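data02.pdb (PDB, C-alpha atoms and all ligand atoms)
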```pdb
ATOM      1  CA  MET J   1      77.926  23.411  81.125
ATOM      2  CA  LEU J   2      77.449  24.410  84.763
ATOM      3  CA  VAL J   3      78.194  22.378  87.891
ATOM      4  CA  ALA J   4      77.689  23.010  91.602
ATOM      5  CA  GLY J   5      79.994  22.328  94.531
ATOM      6  CA  VAL J   6      78.489  21.941  98.005
ATOM      7  CA  ASP J   7      80.261  21.784 101.358
ATOM      8  CA  LEU J   8      77.792  20.593 103.985
ATOM      9  CA  GLY J   9      79.063  21.308 107.500
ATOM     10  CA  GLY J  10      77.525  21.129 110.950
ATOM     11  CA  THR J  11      77.032  24.917 111.055
ATOM     12  CA  ASN J  12      76.942  26.157 107.460
ATOM     13  CA  ILE J  13      76.221  24.959 103.952
ATOM     14  CA  ARG J  14      78.441  26.599 101.359
ATOM     15  CA  CYS J  15      77.592  26.282  97.668
ATOM     16  CA  ALA J  16      79.243  27.543  94.499
ATOM     17  CA  MET J  17      78.208  27.347  90.851
ATOM     18  CA  ALA J  18      80.894  27.188  88.187
ATOM     19  CA  ASP J  19      81.317  26.802  84.430
ATOM     20  CA  GLN J  20      83.166  23.958  82.678
ATOM     21  CA  ASP J  21      86.538  25.597  83.355
ATOM     22  CA  GLY J  22      85.846  25.849  87.069
ATOM     23  CA  HIS J  23      85.265  29.603  87.004
ATOM     24  CA  VAL J  24      82.919  30.423  89.856
ATOM     25  CA  LEU J  25      79.798  32.306  88.732
ATOM     26  CA  GLY J  26      78.123  32.581  92.117
ATOM     27  CA  GLU J  27      78.611  31.482  95.685
ATOM     28  CA  LYS J  28      76.416  31.485  98.766
ATOM     29  CA  ILE J  29      76.426  30.346 102.399
ATOM     30  CA  VAL J  30      73.401  29.519 104.564
ATOM     31  CA  ARG J  31      72.994  28.011 108.012
ATOM     32  CA  THR J  32      72.723  24.218 107.991
ATOM     33  CA  GLU J  33      69.993  24.095 110.665
ATOM     34  CA  ALA J  34      71.116  20.521 111.184
ATOM     35  CA  HIS J  35      68.577  19.974 113.998
ATOM     36  CA  ALA J  36      65.838  19.792 111.329
ATOM     37  CA  GLY J  37      67.180  16.418 110.112
ATOM     38  CA  PRO J  38      68.505  15.064 106.809
ATOM     39  CA  ASN J  39      65.412  15.625 104.628
ATOM     40  CA  GLN J  40      65.090  19.317 105.455
ATOM     41  CA  VAL J  41      68.848  19.933 105.363
ATOM     42  CA  LEU J  42      68.952  18.423 101.851
ATOM     43  CA  ASP J  43      65.939  20.606 100.934
ATOM     44  CA  ARG J  44      68.068  23.585 101.929
ATOM     45  CA  VAL J  45      70.935  22.341  99.765
ATOM     46  CA  ALA J  46      68.569  21.970  96.784
ATOM     47  CA  ARG J  47      67.140  25.484  97.325
ATOM     48  CA  LEU J  48      70.646  26.909  97.509
ATOM     49  CA  VAL J  49      71.515  25.229  94.200
ATOM     50  CA  ASP J  50      68.225  26.553  92.713
ATOM     51  CA  ASP J  51      69.059  30.117  93.810
ATOM     52  CA  LEU J  52      72.479  29.999  92.201
ATOM     53  CA  ALA J  53      71.065  28.341  89.068
ATOM     54  CA  ASP J  54      68.483  31.144  88.736
ATOM     55  CA  GLN J  55      71.273  33.681  89.134
ATOM     56  CA  ALA J  56      73.403  31.963  86.492
ATOM     57  CA  GLY J  57      70.452  31.429  84.142
ATOM     58  CA  ALA J  58      71.043  27.668  83.706
ATOM     59  CA  ARG J  59      70.693  24.403  85.625
ATOM     60  CA  PRO J  60      73.792  22.511  86.844
ATOM     61  CA  GLN J  61      74.665  19.239  85.091
ATOM     62  CA  GLY J  62      76.054  17.767  88.300
ATOM     63  CA  ILE J  63      76.599  18.421  92.007
ATOM     64  CA  GLY J  64      79.715  17.423  93.970
ATOM     65  CA  MET J  65      79.039  17.470  97.699
ATOM     66  CA  GLY J  66      81.164  16.965 100.817
ATOM     67  CA  LEU J  67      79.761  15.530 104.049
ATOM     68  CA  PRO J  68      81.512  15.555 107.437
ATOM     69  CA  GLY J  69      82.054  11.890 108.203
ATOM     70  CA  LEU J  70      82.046   8.332 106.935
ATOM     71  CA  LEU J  71      80.127   7.539 103.746
ATOM     72  CA  ASP J  72      79.273   4.510 101.639
ATOM     73  CA  LEU J  73      80.440   5.930  98.318
ATOM     74  CA  ARG J  74      79.143   3.026  96.235
ATOM     75  CA  LYS J  75      75.608   3.284  97.587
ATOM     76  CA  GLY J  76      75.698   7.061  98.008
ATOM     77  CA  ARG J  77      74.707   6.836 101.651
ATOM     78  CA  SER J  78      75.995   8.504 104.783
ATOM     79  CA  ARG J  79      77.143   5.942 107.353
ATOM     80  CA  PHE J  80      78.105   8.096 110.327
ATOM     81  CA  LEU J  81      78.352  11.888 110.537
ATOM     82  CA  PRO J  82      79.469  12.355 114.175
ATOM     83  CA  ASN J  83      78.900  16.130 114.349
ATOM     84  CA  LEU J  84      75.328  16.212 113.022
ATOM     85  CA  PRO J  85      72.223  15.519 115.166
ATOM     86  CA  THR J  86      71.062  11.871 114.799
ATOM     87  CA  GLN J  87      74.412  11.285 113.050
ATOM     88  CA  TRP J  88      72.748  10.486 109.711
ATOM     89  CA  ARG J  89      73.207   6.709 109.951
ATOM     90  CA  ASP J  90      72.503   4.986 106.619
ATOM     91  CA  ILE J  91      70.720   7.925 104.972
ATOM     92  CA  PRO J  92      70.439   7.647 101.141
ATOM     93  CA  VAL J  93      71.812  11.163 100.679
ATOM     94  CA  ARG J  94      72.693  10.828  97.001
ATOM     95  CA  ASP J  95      69.277   9.549  95.867
ATOM     96  CA  MET J  96      67.441  12.074  98.037
ATOM     97  CA  LEU J  97      69.384  14.993  96.558
ATOM     98  CA  VAL J  98      69.095  13.621  93.002
ATOM     99  CA  ASP J  99      65.291  13.716  93.446
ATOM    100  CA  LYS J 100      65.327  17.241  94.833
ATOM    101  CA  ALA J 101      67.892  18.811  92.475
ATOM    102  CA  GLU J 102      67.166  16.683  89.374
ATOM    103  CA  CYS J 103      70.788  16.151  88.329
ATOM    104  CA  PRO J 104      73.593  13.671  89.104
ATOM    105  CA  VAL J 105      75.065  13.960  92.620
ATOM    106  CA  TYR J 106      78.578  12.851  93.636
ATOM    107  CA  LEU J 107      79.552  12.527  97.307
ATOM    108  CA  LEU J 108      82.848  12.592  99.174
ATOM    109  CA  ASN J 109      84.026  13.074 102.748
ATOM    110  CA  ASP J 110      84.427  16.822 103.344
ATOM    111  CA  VAL J 111      88.188  16.835 103.952
ATOM    112  CA  ARG J 112      88.852  14.546 100.992
ATOM    113  CA  LEU J 113      86.759  17.003  98.955
ATOM    114  CA  ALA J 114      88.861  19.932 100.225
ATOM    115  CA  THR J 115      91.976  17.957  99.239
ATOM    116  CA  LEU J 116      90.562  17.597  95.730
ATOM    117  CA  GLY J 117      89.814  21.337  95.628
ATOM    118  CA  GLU J 118      93.356  22.242  96.630
ATOM    119  CA  LEU J 119      94.695  19.729  94.089
ATOM    120  CA  CYS J 120      92.660  21.039  91.150
ATOM    121  CA  PHE J 121      92.377  24.751  91.913
ATOM    122  CA  GLY J 122      94.928  25.570  94.637
ATOM    123  CA  LEU J 123      98.560  24.840  95.424
ATOM    124  CA  GLY J 124      98.223  21.289  94.101
ATOM    125  CA  ARG J 125      97.850  22.356  90.473
ATOM    126  CA  SER J 126     101.597  21.997  89.874
ATOM    127  CA  VAL J 127     102.093  18.626  91.617
ATOM    128  CA  GLN J 128     101.123  14.971  91.213
ATOM    129  CA  ASP J 129     101.608  13.815  94.818
ATOM    130  CA  MET J 130     100.192  15.809  97.704
ATOM    131  CA  VAL J 131      98.954  15.413 101.264
ATOM    132  CA  PHE J 132      96.341  17.673 102.836
ATOM    133  CA  LEU J 133      95.801  18.088 106.577
ATOM    134  CA  ALA J 134      92.768  20.018 107.859
ATOM    135  CA  LEU J 135      93.669  21.265 111.334
ATOM    136  CA  GLY J 136      90.608  22.496 113.166
ATOM    137  CA  THR J 137      88.203  21.230 115.824
ATOM    138  CA  GLY J 138      89.184  17.811 114.537
ATOM    139  CA  ILE J 139      92.000  16.755 112.246
ATOM    140  CA  GLY J 140      91.188  15.287 108.841
ATOM    141  CA  GLY J 141      93.278  14.612 105.805
ATOM    142  CA  GLY J 142      93.586  13.491 102.223
ATOM    143  CA  VAL J 143      96.303  11.766 100.202
ATOM    144  CA  VAL J 144      96.884  12.308  96.481
ATOM    145  CA  ILE J 145      99.046   9.822  94.582
ATOM    146  CA  ASP J 146      99.818  10.239  90.861
ATOM    147  CA  GLY J 147      97.240  13.007  90.542
ATOM    148  CA  ARG J 148      94.457  10.951  92.064
ATOM    149  CA  LEU J 149      92.912  11.012  95.515
ATOM    150  CA  ARG J 150      93.506   7.771  97.391
ATOM    151  CA  LEU J 151      90.131   6.738  98.843
ATOM    152  CA  GLY J 152      90.234   3.040  99.712
ATOM    153  CA  PRO J 153      87.097   0.863  99.855
ATOM    154  CA  LEU J 154      85.323   3.125 102.375
ATOM    155  CA  GLY J 155      86.570   6.486 101.118
ATOM    156  CA  ALA J 156      88.319   6.701 104.484
ATOM    157  CA  ALA J 157      91.963   6.547 103.366
ATOM    158  CA  GLY J 158      93.681   9.719 104.531
ATOM    159  CA  GLU J 159      92.208   9.886 108.040
ATOM    160  CA  LEU J 160      95.579  11.226 109.137
ATOM    161  CA  GLY J 161      94.268  12.727 112.375
ATOM    162  CA  HIS J 162      93.740   9.217 113.717
ATOM    163  CA  GLN J 163      97.258   7.871 113.412
ATOM    164  CA  THR J 164      98.795   7.013 116.783
ATOM    165  CA  ILE J 165     101.440   9.544 117.779
ATOM    166  CA  LEU J 166     101.652   8.868 121.504
ATOM    167  CA  PRO J 167     100.837   5.255 122.522
ATOM    168  CA  GLY J 168      98.922   5.397 125.788
ATOM    169  CA  GLY J 169      98.177   9.105 125.248
ATOM    170  CA  PRO J 170      94.822  10.824 125.785
ATOM    171  CA  ILE J 171      91.712   9.050 124.551
ATOM    172  CA  CYS J 172      90.411  10.182 121.166
ATOM    173  CA  GLY J 173      86.836  10.503 119.911
ATOM    174  CA  CYS J 174      87.495   7.434 117.723
ATOM    175  CA  GLY J 175      88.230   5.251 120.777
ATOM    176  CA  ASN J 176      91.994   4.967 120.266
ATOM    177  CA  HIS J 177      94.539   6.529 122.614
ATOM    178  CA  GLY J 178      97.142   9.094 121.541
ATOM    179  CA  CYS J 179      95.781   9.949 118.078
ATOM    180  CA  LEU J 180      97.196  13.091 116.468
ATOM    181  CA  GLU J 181      93.710  14.640 116.814
ATOM    182  CA  SER J 182      93.706  14.165 120.589
ATOM    183  CA  LEU J 183      97.074  15.990 120.827
ATOM    184  CA  ALA J 184      97.055  18.728 118.200
ATOM    185  CA  SER J 185      93.456  19.714 117.386
ATOM    186  CA  GLY J 186      92.387  23.341 117.876
ATOM    187  CA  PRO J 187      90.601  22.629 121.199
ATOM    188  CA  SER J 188      93.583  20.734 122.650
ATOM    189  CA  ILE J 189      95.944  23.573 121.660
ATOM    190  CA  VAL J 190      93.655  26.171 123.261
ATOM    191  CA  ALA J 191      93.215  24.011 126.389
ATOM    192  CA  ASP J 192      96.971  24.063 126.909
ATOM    193  CA  GLY J 193      97.037  27.837 126.419
ATOM    194  CA  ILE J 194      94.322  28.257 129.049
ATOM    195  CA  ARG J 195      96.201  25.967 131.452
ATOM    196  CA  LEU J 196      99.328  28.115 131.125
ATOM    197  CA  LEU J 197      97.336  31.330 131.427
ATOM    198  CA  LEU J 198      95.633  30.145 134.623
ATOM    199  CA  SER J 199      98.941  29.066 136.173
ATOM    200  CA  GLY J 200     100.432  32.510 135.560
ATOM    201  CA  GLN J 201     102.885  31.330 132.900
ATOM    202  CA  ALA J 202     101.408  33.324 130.006
ATOM    203  CA  PRO J 203     101.268  37.010 131.019
ATOM    204  CA  HIS J 204     101.221  38.348 127.453
ATOM    205  CA  LEU J 205      98.347  36.049 126.570
ATOM    206  CA  TYR J 206      96.485  37.125 129.715
ATOM    207  CA  GLN J 207      96.857  40.732 128.635
ATOM    208  CA  ALA J 208      95.861  40.023 125.023
ATOM    209  CA  VAL J 209      92.550  38.400 126.027
ATOM    210  CA  GLY J 210      91.860  40.733 128.967
ATOM    211  CA  GLY J 211      91.714  37.710 131.266
ATOM    212  CA  ASP J 212      88.758  36.262 129.272
ATOM    213  CA  LEU J 213      89.433  32.550 128.715
ATOM    214  CA  ASN J 214      86.834  32.387 125.929
ATOM    215  CA  ARG J 215      88.994  34.685 123.823
ATOM    216  CA  VAL J 216      92.054  32.407 123.831
ATOM    217  CA  THR J 217      92.880  31.253 120.270
ATOM    218  CA  GLY J 218      95.850  29.553 118.652
ATOM    219  CA  ARG J 219      96.682  32.768 116.858
ATOM    220  CA  LYS J 220      96.725  34.811 120.095
ATOM    221  CA  MET J 221      98.835  32.092 121.734
ATOM    222  CA  ALA J 222     101.406  32.282 118.932
ATOM    223  CA  GLN J 223     101.503  36.086 119.160
ATOM    224  CA  ALA J 224     101.996  35.950 122.939
ATOM    225  CA  ALA J 225     104.745  33.345 122.495
ATOM    226  CA  CYS J 226     106.551  35.676 120.080
ATOM    227  CA  ALA J 227     106.089  38.547 122.566
ATOM    228  CA  GLY J 228     107.943  36.578 125.246
ATOM    229  CA  ASP J 229     105.655  33.947 126.828
ATOM    230  CA  ASP J 230     108.237  31.164 126.782
ATOM    231  CA  ALA J 231     105.954  28.528 128.298
ATOM    232  CA  LEU J 232     103.515  29.109 125.422
ATOM    233  CA  ARG J 233     106.341  28.828 122.927
ATOM    234  CA  ASP J 234     107.331  25.477 124.465
ATOM    235  CA  SER J 235     103.711  24.320 124.288
ATOM    236  CA  ILE J 236     103.360  25.295 120.626
ATOM    237  CA  VAL J 237     106.683  23.707 119.680
ATOM    238  CA  ARG J 238     105.676  20.481 121.481
ATOM    239  CA  ILE J 239     102.334  20.364 119.634
ATOM    240  CA  ALA J 240     104.068  21.187 116.341
ATOM    241  CA  GLY J 241     106.365  18.266 117.145
ATOM    242  CA  TYR J 242     103.338  15.940 117.169
ATOM    243  CA  LEU J 243     102.199  17.382 113.860
ATOM    244  CA  GLY J 244     105.695  17.130 112.412
ATOM    245  CA  THR J 245     105.904  13.484 113.510
ATOM    246  CA  ALA J 246     102.618  12.784 111.750
ATOM    247  CA  VAL J 247     103.909  14.543 108.643
ATOM    248  CA  ALA J 248     107.153  12.516 108.778
ATOM    249  CA  ASN J 249     105.141   9.283 108.980
ATOM    250  CA  VAL J 250     103.181  10.240 105.880
ATOM    251  CA  VAL J 251     106.287  11.428 104.030
ATOM    252  CA  VAL J 252     108.060   8.076 104.432
ATOM    253  CA  ALA J 253     104.934   6.299 103.170
ATOM    254  CA  VAL J 254     104.087   8.532 100.201
ATOM    255  CA  HIS J 255     106.995  10.991  99.652
ATOM    256  CA  PRO J 256     104.734  13.771  98.357
ATOM    257  CA  GLU J 257     106.089  16.959  96.812
ATOM    258  CA  LEU J 258     103.683  19.068  98.813
ATOM    259  CA  ILE J 259     101.964  19.003 102.212
ATOM    260  CA  VAL J 260      99.121  21.492 102.604
ATOM    261  CA  PHE J 261      97.728  22.575 105.971
ATOM    262  CA  GLY J 262      94.203  23.985 106.163
ATOM    263  CA  GLY J 263      91.855  24.856 109.036
ATOM    264  CA  GLY J 264      91.984  27.430 111.809
ATOM    265  CA  VAL J 265      95.185  26.128 113.415
ATOM    266  CA  VAL J 266      97.260  27.507 110.473
ATOM    267  CA  GLU J 267      96.607  30.976 111.949
ATOM    268  CA  MET J 268      99.429  30.163 114.357
ATOM    269  CA  GLY J 269     101.755  31.027 111.493
ATOM    270  CA  ASP J 270     105.529  30.691 111.229
ATOM    271  CA  LEU J 271     106.122  29.500 114.796
ATOM    272  CA  LEU J 272     104.020  26.407 114.032
ATOM    273  CA  PHE J 273     105.210  25.848 110.453
ATOM    274  CA  ASP J 274     108.917  26.260 111.266
ATOM    275  CA  ALA J 275     108.680  23.737 114.110
ATOM    276  CA  VAL J 276     106.803  21.255 111.896
ATOM    277  CA  ARG J 277     109.466  21.596 109.179
ATOM    278  CA  ALA J 278     112.262  21.095 111.728
ATOM    279  CA  THR J 279     110.568  17.960 113.094
ATOM    280  CA  LEU J 280     110.114  16.556 109.591
ATOM    281  CA  ARG J 281     113.829  17.011 108.854
ATOM    282  CA  ALA J 282     114.797  15.501 112.219
ATOM    283  CA  ARG J 283     112.529  12.445 111.881
ATOM    284  CA  VAL J 284     113.196  11.375 108.319
ATOM    285  CA  GLY J 285     116.765  10.142 108.034
ATOM    286  CA  MET J 286     116.438   7.680 105.163
ATOM    287  CA  PHE J 287     116.261  10.224 102.346
ATOM    288  CA  PRO J 288     116.469  14.017 101.969
ATOM    289  CA  VAL J 289     113.188  15.831 102.606
ATOM    290  CA  ASP J 290     114.302  19.403 101.899
ATOM    291  CA  ASP J 291     112.221  19.396  98.713
ATOM    292  CA  VAL J 292     108.995  18.476 100.515
ATOM    293  CA  ARG J 293     107.138  21.774 100.793
ATOM    294  CA  ILE J 294     104.800  22.420 103.727
ATOM    295  CA  GLU J 295     102.426  25.259 102.882
ATOM    296  CA  ARG J 296      99.252  26.906 104.035
ATOM    297  CA  SER J 297      96.139  26.176 101.930
ATOM    298  CA  GLN J 298      95.623  28.644  99.115
ATOM    299  CA  LEU J 299      91.845  28.176  99.019
ATOM    300  CA  GLY J 300      91.222  28.183 102.769
ATOM    301  CA  GLU J 301      87.520  27.722 103.635
ATOM    302  CA  ARG J 302      86.618  27.540  99.934
ATOM    303  CA  ALA J 303      88.660  24.367  99.307
ATOM    304  CA  GLY J 304      85.594  22.158  99.873
ATOM    305  CA  VAL J 305      83.232  23.792  97.378
ATOM    306  CA  MET J 306      86.024  24.003  94.811
ATOM    307  CA  GLY J 307      86.577  20.272  95.329
ATOM    308  CA  GLY J 308      82.855  19.752  94.777
ATOM    309  CA  ILE J 309      83.113  21.608  91.481
ATOM    310  CA  ALA J 310      86.101  19.457  90.446
ATOM    311  CA  LEU J 311      84.268  16.261  91.453
ATOM    312  CA  ALA J 312      81.179  17.226  89.437
ATOM    313  CA  LEU J 313      83.257  18.273  86.401
ATOM    314  CA  ASN J 314      84.987  14.863  86.558
ATOM    315  CA  ARG J 315      81.638  13.046  86.938
ATOM    316  CA  GLY J 316      82.595  11.677  90.322
ATOM    317  CA  CYS J 317      86.198  10.746  89.569
ATOM    318  CA  PRO J 318      88.392  12.255  92.329
ATOM    319  CA  GLN J 319      91.453  13.277  90.331
ATOM    320  CA  LYS J 320      93.117  16.167  88.546
ATOM    321  CA  LEU J 321      91.031  17.834  85.870
ATOM    322  CA  THR J 322      92.048  17.064  82.310
ATOM    323  CA  ALA J 323      91.880  20.286  80.309
TER     324      ALA J 323
HETATM  325 ZN    ZN J 401      91.392   9.004 116.852
END
```
Let's see the structure in the file written out as structure tokens.
Ligand SMILES: [Zn+2]
Amino acid sequence: MLVAGVDLGGTNIRCAMADQDGHVLGEKIVRTEAHAGPNQVLDRVARLVDDLADQAGARPQGIGMGLPGLLDLRKGRSRFLPNLPTQWRDIPVRDMLVDKAECPVYLLNDVRLATLGELCFGLGRSVQDMVFLALGTGIGGGVVIDGRLRLGPLGAAGELGHQTILPGGPICGCGNHGCLESLASGPSIVADGIRLLLSGQAPHLYQAVGGDLNRVTGRKMAQAACAGDDALRDSIVRIAGYLGTAVANVVVAVHPELIVFGGGVVEMGDLLFDAVRATLRARVGMFPVDDVRIERSQLGERAGVMGGIALALNRGCPQKLTA
């Protein structure tokens, strides 16, 4: 039996075909061309699946697909995909793709799907309780309890980027003030790096990017901090403090064995991770948290498609695979 996993993003569509054990037989990425609208984007998904099916010599028995936003899981419709043109309000994605690909289709929010991928095929294989945080342009998350992804009635449980960390803080895209996402997303980290560079407080960073603000990244900021830019170090530790506070909040609610960070921000490396771990220890006083591991995603950008494969193998049930 073959299944396909699809990760539909604003820029790229990634698809992988796998056998019943989750072994990937083929994988491919194409541009989303999201401006063309839902029907044509889903045509591209179906063609991608066809290509990989031709390669593998058999049709998939199911497709698990992640979409970037809020979905109606029961009806198989997208409700609001903020980063796609027209925002795909109330589009019957599941039925449209079933018609095009002629097999069952299972949907999930993209970060919840990546959580499932990491649970079934990544670091989560050895645990029953896990929290995933995707740290990129935005901050998403997923919560696994007793080997099963917690979804809630809207599939929105685990939106950890939108917990309030700083009441009265900067406004967030969701309308709330002081969300984790407004304080610790990739763009807000880079904005602080640029501020320090422009005010002459980050000479190593200035040198590393040749004075070109467009080349500032979290990774370069962390490197410059380690080379001696103390103001950058302070900035990174402060941002890691927000992340660590968010992690502490989740740990007291769920007490997972494992917290996994994905997304581009993890490129900041030990400076970030060590400060997050220190904040977690400082903020949870009710029970020991030394056993709670905080690790970098093993699957990286492939977590989503691997989650799609797991979802299809489980016929839509978002939990650990039973061998
Ligand atoms: Zn928010």
With a distance cut-off of 12 Å and only C-alpha atoms, select the neighbouring residues of region 30-46 of chain J, excluding the residue or stretch itself and same-chain residues fewer than 4 positions from it, and output the selection as a PDB file with C-alpha atoms, in the coordinates of the input.
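For reference, selection.pdb as written:
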```pdb
ATOM      1  CA  ALA J   4      77.689  23.010  91.602  1.00  0.00           C
ATOM      2  CA  GLY J   5      79.994  22.328  94.531  1.00  0.00           C
ATOM      3  CA  VAL J   6      78.489  21.941  98.005  1.00  0.00           C
ATOM      4  CA  ASP J   7      80.261  21.784 101.358  1.00  0.00           C
ATOM      5  CA  LEU J   8      77.792  20.593 103.985  1.00  0.00           C
ATOM      6  CA  GLY J   9      79.063  21.308 107.500  1.00  0.00           C
ATOM      7  CA  GLY J  10      77.525  21.129 110.950  1.00  0.00           C
ATOM      8  CA  THR J  11      77.032  24.917 111.055  1.00  0.00           C
ATOM      9  CA  ASN J  12      76.942  26.157 107.460  1.00  0.00           C
ATOM     10  CA  ILE J  13      76.221  24.959 103.952  1.00  0.00           C
ATOM     11  CA  ARG J  14      78.441  26.599 101.359  1.00  0.00           C
ATOM     12  CA  CYS J  15      77.592  26.282  97.668  1.00  0.00           C
ATOM     13  CA  ALA J  16      79.243  27.543  94.499  1.00  0.00           C
ATOM     14  CA  ASP J  50      68.225  26.553  92.713  1.00  0.00           C
ATOM     15  CA  ASP J  51      69.059  30.117  93.810  1.00  0.00           C
ATOM     16  CA  LEU J  52      72.479  29.999  92.201  1.00  0.00           C
ATOM     17  CA  ALA J  53      71.065  28.341  89.068  1.00  0.00           C
ATOM     18  CA  ARG J  59      70.693  24.403  85.625  1.00  0.00           C
ATOM     19  CA  PRO J  60      73.792  22.511  86.844  1.00  0.00           C
ATOM     20  CA  ILE J  63      76.599  18.421  92.007  1.00  0.00           C
ATOM     21  CA  GLY J  64      79.715  17.423  93.970  1.00  0.00           C
ATOM     22  CA  MET J  65      79.039  17.470  97.699  1.00  0.00           C
ATOM     23  CA  GLY J  66      81.164  16.965 100.817  1.00  0.00           C
ATOM     24  CA  LEU J  67      79.761  15.530 104.049  1.00  0.00           C
ATOM     25  CA  ARG J  77      74.707   6.836 101.651  1.00  0.00           C
ATOM     26  CA  SER J  78      75.995   8.504 104.783  1.00  0.00           C
ATOM     27  CA  LEU J  81      78.352  11.888 110.537  1.00  0.00           C
ATOM     28  CA  ASN J  83      78.900  16.130 114.349  1.00  0.00           C
ATOM     29  CA  LEU J  84      75.328  16.212 113.022  1.00  0.00           C
ATOM     30  CA  PRO J  85      72.223  15.519 115.166  1.00  0.00           C
ATOM     31  CA  THR J  86      71.062  11.871 114.799  1.00  0.00           C
ATOM     32  CA  GLN J  87      74.412  11.285 113.050  1.00  0.00           C
ATOM     33  CA  TRP J  88      72.748  10.486 109.711  1.00  0.00           C
ATOM     34  CA  ARG J  89      73.207   6.709 109.951  1.00  0.00           C
ATOM     35  CA  ASP J  90      72.503   4.986 106.619  1.00  0.00           C
ATOM     36  CA  ILE J  91      70.720   7.925 104.972  1.00  0.00           C
ATOM     37  CA  PRO J  92      70.439   7.647 101.141  1.00  0.00           C
ATOM     38  CA  VAL J  93      71.812  11.163 100.679  1.00  0.00           C
ATOM     39  CA  ARG J  94      72.693  10.828  97.001  1.00  0.00           C
ATOM     40  CA  ASP J  95      69.277   9.549  95.867  1.00  0.00           C
ATOM     41  CA  MET J  96      67.441  12.074  98.037  1.00  0.00           C
ATOM     42  CA  LEU J  97      69.384  14.993  96.558  1.00  0.00           C
ATOM     43  CA  VAL J  98      69.095  13.621  93.002  1.00  0.00           C
ATOM     44  CA  ASP J  99      65.291  13.716  93.446  1.00  0.00           C
ATOM     45  CA  LYS J 100      65.327  17.241  94.833  1.00  0.00           C
ATOM     46  CA  ALA J 101      67.892  18.811  92.475  1.00  0.00           C
ATOM     47  CA  GLU J 102      67.166  16.683  89.374  1.00  0.00           C
ATOM     48  CA  CYS J 103      70.788  16.151  88.329  1.00  0.00           C
ATOM     49  CA  VAL J 105      75.065  13.960  92.620  1.00  0.00           C
TER      50      VAL J 105
END
```
Given the PyMOL selection byres (((chain J and resi 113-128) around 8) and not hetatm), the residues it picks as an MDAnalysis selection string:
chainID J and resid 65:66 108:112 129:132 141:149 257:258 260 297:299 302:311 318:321
Let me see if you get this right: every residue at most 6 Å from ligand ZN 401 (chain J), counting all atoms listed in the file, written as JSON, numbers by chain.
{"J": [162, 172, 173, 174, 176, 179]}
Write out as number ranges by chain each polymer residue whose atoms come within 12 Å of region 190-195 of chain J, counting all atoms listed in the file; drop sequence neighbours fewer than 2 positions from it.
J: 136-137, 182-188, 197-206, 209, 211-225, 229-236, 238-239, 264-265, 268
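Going from CA of Gly285 (chain J) to CA of Leu151 (chain J) covers 28.4 Å.
Across J:Val266, J:Ala246, J:Leu2, J:Leu135, the tightest approach to Met17 (chain J) is made by J:Leu2 when counting only C-alpha atoms.
Distances from J:Leu272, J:Leu180, J:Val254, J:Leu196 to Tyr242 (chain J) were compared using only C-alpha atoms, and the smallest one belongs to J:Leu180.
Atom pair CA of Gly269 (chain J) / CA of Arg296 (chain J) has a distance of 8.9 Å (rounded to one decimal).
The spacing separating CA of Pro167 (chain J) from CA of Val276 (chain J) amounts to 20.1 Å.
Minimum atom-to-atom distance to Pro153 (chain J), evaluated using all atoms listed in the file, belongs to J:Arg74 out of J:Gly168, J:Arg74, J:Phe80, J:Pro104.
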Closest to Leu71 (chain J) among J:Ile139, J:Gly316, J:Ala156, J:Val24, using all atoms listed in the file?
J:Ala156
For the PyMOL selection byres (((chain J and resi 247-249) around 10) and not hetatm), applied here, can you spell out every residue it catches as JSON, numbers by chain?
{"J": [131, 133, 160, 163, 165, 241, 242, 243, 244, 245, 246, 250, 251, 252, 253, 254, 255, 259, 276, 277, 279, 280, 281, 282, 283, 284, 285, 289, 294]}
Distance query Leu73 (chain J) at most 7 Å, all atoms listed in the file, self and fewer than 3 positions along chain excluded, as number ranges by chain:
J: 76-77, 107, 154-155
Report as lines of an AutoDock Vina configuration file the centre and the edge lengths, in Å to one decimal, of the axis-aligned box holding every listed atom of region 258-265 of chain J, padded by 6 Å on each side.
```
center_x = 97.8
center_y = 23.2
center_z = 106.1
size_x = 23.8
size_y = 20.4
size_z = 26.6
```
